[in-house]
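Novice: Below is the structure I would like to discuss, written out as structure tokens.
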Amino acid sequence: MLQLIKINWKWELVRAFDSMGFEAIPLGGSGKPDGKAEANLSGREGKIERYSVSLEAKSKGKAGTTVRNEDVHVSTVARHRNDHGCGHALVLGPNFATSKGDMSALVKEIQADREKTGKTITLVRIIDLAQTRSTVPLKRINLGQLRTFFESCTTPEEAKEWIDKVAAEKKERARFKEILETIAEEQEEQPGAAVEYAAVVGGLRRGRGIKMEKQEVIDHCRALARLVPEYVKALDNSVELNQRPDKVLAAIGAAIREYPESEQI
């Protein structure tokens, strides 16, 4: 779990987004958000798919305490988001004053900003960000799918509902074993060349009769890289394996067992 108490919440927020696959950098200082996360997605049918999120951590107070409306500073969050070319903003805190749902003053202010700009602000509790960070690799959630989180969630209650729903989804068995073995075979056959995702797709089809789309393979490899970053590195066009497949699988099993049974693959 992500432990943000008694440590630098702003830095941990950036690290959380980096671990989920975003290009995340810390910022901070006058006129800046605490960080910025970019999802550098490929375009589709001439449409730009990439997006970015400004990151704000409201770390005052003890765990479980409520961040006051005046401490959220919606207008400042919106200005930071806009000034740094982001379509979305995420505000992290122990809790927020949104128990009245759409009737709360804070939510009304955020909704007014969305109506004016077409951009979003999402409030997320620390504990729910922790679950999101663990759910992304376990459920092989890609950056395109994460866009819906920002588009559909404003309140921390909506964010938790979205996260819980994704965590509870049953997905087809991950093909980690077959993909790792195929990568290892490709590396052995061509020791001087990077293993491109297209080669993994072809290797799975030829050697194991498994038909997977290239994006599926990329999502699997990125999930592996998040679960065991010391063994697997998922680059833009290729993947690197730095340990025997059986050892990687053992490490994955150990990592997954650390999560609640309901969230496991």
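Convention: chains lettered A, B, ... in structure tokens order; per-chain residue numbering from 1; ligands numbered from 1 as shown.
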Return as a tab-separated table the residues of region 205-240 of chain A lying at most 9 Å from region 5-26 of chain A, together with the closest atom-to-atom pair for each and the distance in Å to one decimal, counting only C-alpha atoms, with rows in chain order and ascending residue number.

Specialist:
```
residue	atom	partner	partner_atom	distance
A:Arg222	CA	A:Gly21	CA	7.6
A:Ala223	CA	A:Met20	CA	8.8
A:Arg226	CA	A:Ser19	CA	6.3
```

Novice: Per DSSP on the backbone, what are the strand (DSSP E or B) residues of region 28-242 of chain A, as a VMD selection string?

Specialist: chain A and resid 35 to 39 44 47 51 to 57 67 88 to 93 96 120 to 125 195 to 196 232 to 234 238 to 241

Novice: Write out, as a compact mmCIF listing (two decimals), in the first residue's frame, the residues just selected, with N, CA and C atoms.

Specialist:
```
# COMPACT_ATOMS: atom_id res chain seq x y z
N GLY A 35 2.92 18.79 -9.22
CA GLY A 35 3.50 17.92 -10.22
C GLY A 35 2.63 17.90 -11.47
N LYS A 36 3.14 17.25 -12.50
CA LYS A 36 2.40 17.10 -13.74
C LYS A 36 2.62 15.69 -14.27
N ALA A 37 1.54 15.05 -14.72
CA ALA A 37 1.61 13.69 -15.26
C ALA A 37 1.07 13.69 -16.69
N GLU A 38 1.85 13.14 -17.60
CA GLU A 38 1.44 13.11 -19.01
C GLU A 38 1.24 11.68 -19.47
N ALA A 39 0.14 11.46 -20.18
CA ALA A 39 -0.15 10.17 -20.81
C ALA A 39 0.11 10.35 -22.30
N ARG A 44 -5.31 8.43 -32.86
CA ARG A 44 -6.15 7.42 -33.48
C ARG A 44 -7.09 8.09 -34.47
N LYS A 47 -7.12 11.73 -34.46
CA LYS A 47 -7.52 12.37 -33.21
C LYS A 47 -6.42 12.24 -32.17
N TYR A 51 -3.08 13.05 -23.07
CA TYR A 51 -3.67 13.99 -22.12
C TYR A 51 -2.71 14.17 -20.95
N SER A 52 -2.97 15.17 -20.14
CA SER A 52 -2.09 15.44 -18.99
C SER A 52 -2.92 15.86 -17.78
N VAL A 53 -2.33 15.64 -16.60
CA VAL A 53 -3.02 15.88 -15.34
C VAL A 53 -2.11 16.71 -14.44
N SER A 54 -2.62 17.81 -13.90
CA SER A 54 -1.86 18.56 -12.90
C SER A 54 -2.14 17.92 -11.54
N LEU A 55 -1.12 17.87 -10.70
CA LEU A 55 -1.19 17.14 -9.43
C LEU A 55 -1.04 18.10 -8.25
N GLU A 56 -1.98 18.00 -7.31
CA GLU A 56 -1.97 18.86 -6.13
C GLU A 56 -2.16 17.99 -4.89
N ALA A 57 -1.28 18.13 -3.90
CA ALA A 57 -1.41 17.39 -2.64
C ALA A 57 -1.71 18.35 -1.51
N VAL A 67 -9.91 17.99 4.65
CA VAL A 67 -9.34 19.19 4.06
C VAL A 67 -10.45 20.22 3.92
N HIS A 88 -6.91 17.94 -17.10
CA HIS A 88 -7.44 17.40 -15.85
C HIS A 88 -6.54 17.84 -14.69
N ALA A 89 -7.14 17.85 -13.49
CA ALA A 89 -6.38 18.10 -12.26
C ALA A 89 -6.81 17.09 -11.22
N LEU A 90 -5.87 16.62 -10.43
CA LEU A 90 -6.18 15.72 -9.32
C LEU A 90 -5.70 16.36 -8.03
N VAL A 91 -6.58 16.37 -7.03
CA VAL A 91 -6.26 16.92 -5.72
C VAL A 91 -6.31 15.78 -4.71
N LEU A 92 -5.21 15.57 -4.01
CA LEU A 92 -5.09 14.48 -3.05
C LEU A 92 -5.16 15.01 -1.63
N GLY A 93 -5.88 14.30 -0.77
CA GLY A 93 -5.95 14.69 0.63
C GLY A 93 -6.47 13.55 1.49
N PHE A 96 -12.24 14.99 2.25
CA PHE A 96 -12.75 16.27 1.76
C PHE A 96 -14.18 16.49 2.25
N THR A 120 -11.51 19.12 -16.08
CA THR A 120 -11.96 18.46 -14.86
C THR A 120 -11.04 18.69 -13.67
N ILE A 121 -11.62 18.52 -12.48
CA ILE A 121 -10.88 18.46 -11.22
C ILE A 121 -11.44 17.27 -10.45
N THR A 122 -10.56 16.38 -10.01
CA THR A 122 -10.97 15.18 -9.29
C THR A 122 -10.35 15.19 -7.90
N LEU A 123 -11.18 14.99 -6.87
CA LEU A 123 -10.71 14.90 -5.49
C LEU A 123 -10.55 13.44 -5.12
N VAL A 124 -9.38 13.08 -4.58
CA VAL A 124 -9.09 11.68 -4.25
C VAL A 124 -8.50 11.58 -2.86
N ARG A 125 -9.00 10.63 -2.08
CA ARG A 125 -8.43 10.37 -0.76
C ARG A 125 -7.13 9.58 -0.89
N VAL A 195 13.91 -6.45 -28.15
CA VAL A 195 12.74 -7.26 -28.48
C VAL A 195 11.54 -6.32 -28.63
N GLU A 196 11.11 -6.12 -29.86
CA GLU A 196 9.98 -5.24 -30.10
C GLU A 196 8.67 -5.97 -29.82
N VAL A 232 11.70 -6.48 -15.38
CA VAL A 232 11.11 -6.20 -16.69
C VAL A 232 11.07 -4.70 -16.91
N LYS A 233 11.49 -4.28 -18.11
CA LYS A 233 11.44 -2.87 -18.47
C LYS A 233 10.65 -2.74 -19.77
N ALA A 234 9.51 -2.04 -19.70
CA ALA A 234 8.65 -1.85 -20.87
C ALA A 234 8.91 -0.47 -21.46
N SER A 238 9.63 -1.51 -27.31
CA SER A 238 10.26 -2.80 -27.03
C SER A 238 10.22 -3.10 -25.54
N VAL A 239 10.63 -4.31 -25.19
CA VAL A 239 10.60 -4.77 -23.80
C VAL A 239 11.91 -5.46 -23.48
N GLU A 240 12.38 -5.31 -22.24
CA GLU A 240 13.62 -5.94 -21.80
C GLU A 240 13.35 -6.86 -20.62
N LEU A 241 13.96 -8.04 -20.64
CA LEU A 241 13.83 -9.02 -19.57
C LEU A 241 15.20 -9.25 -18.95
```

Novice: Given only C-alpha atoms as the basis, pick out the residue of A:Ala167, A:Gly144, A:Arg68, A:Glu188 nearest to Ile48 (chain A).

Specialist: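 Among the listed residues, the smallest separation from Ile48 (chain A) belongs to A:Gly144.
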
Novice: I need the residues of region 17-237 of chain A that end up classed as helix (DSSP H, G or I) by DSSP on the backbone, written out as an MDAnalysis selection string.

Specialist: chainID A and resid 17:19 69:72 74:83 101:103 105:117 126:138 143:152 156:168 176:189 197:208 214:227

Novice: For Glu181 (chain A), which of A:Asp164, A:Asp246, A:Glu115, A:Glu49 is the closest residue, counting only C-alpha atoms?

Specialist: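 Using only C-alpha atoms, the shortest distance to Glu181 (chain A) belongs to A:Asp246.
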
Novice: Residues at most 10 Å from Glu178 (chain A), counting only C-alpha atoms, excluding those fewer than 6 positions away in the same chain, as a ChimeraX atom specification?

Specialist: /A:184,200,203-204,207-208,210,245

Novice: Please report the interatomic distance between CA of Thr98 (chain A) and CA of Pro156 (chain A) in Å with one decimal.

Specialist: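 CA of Thr98 (chain A) sits 7.7 Å away from CA of Pro156 (chain A).
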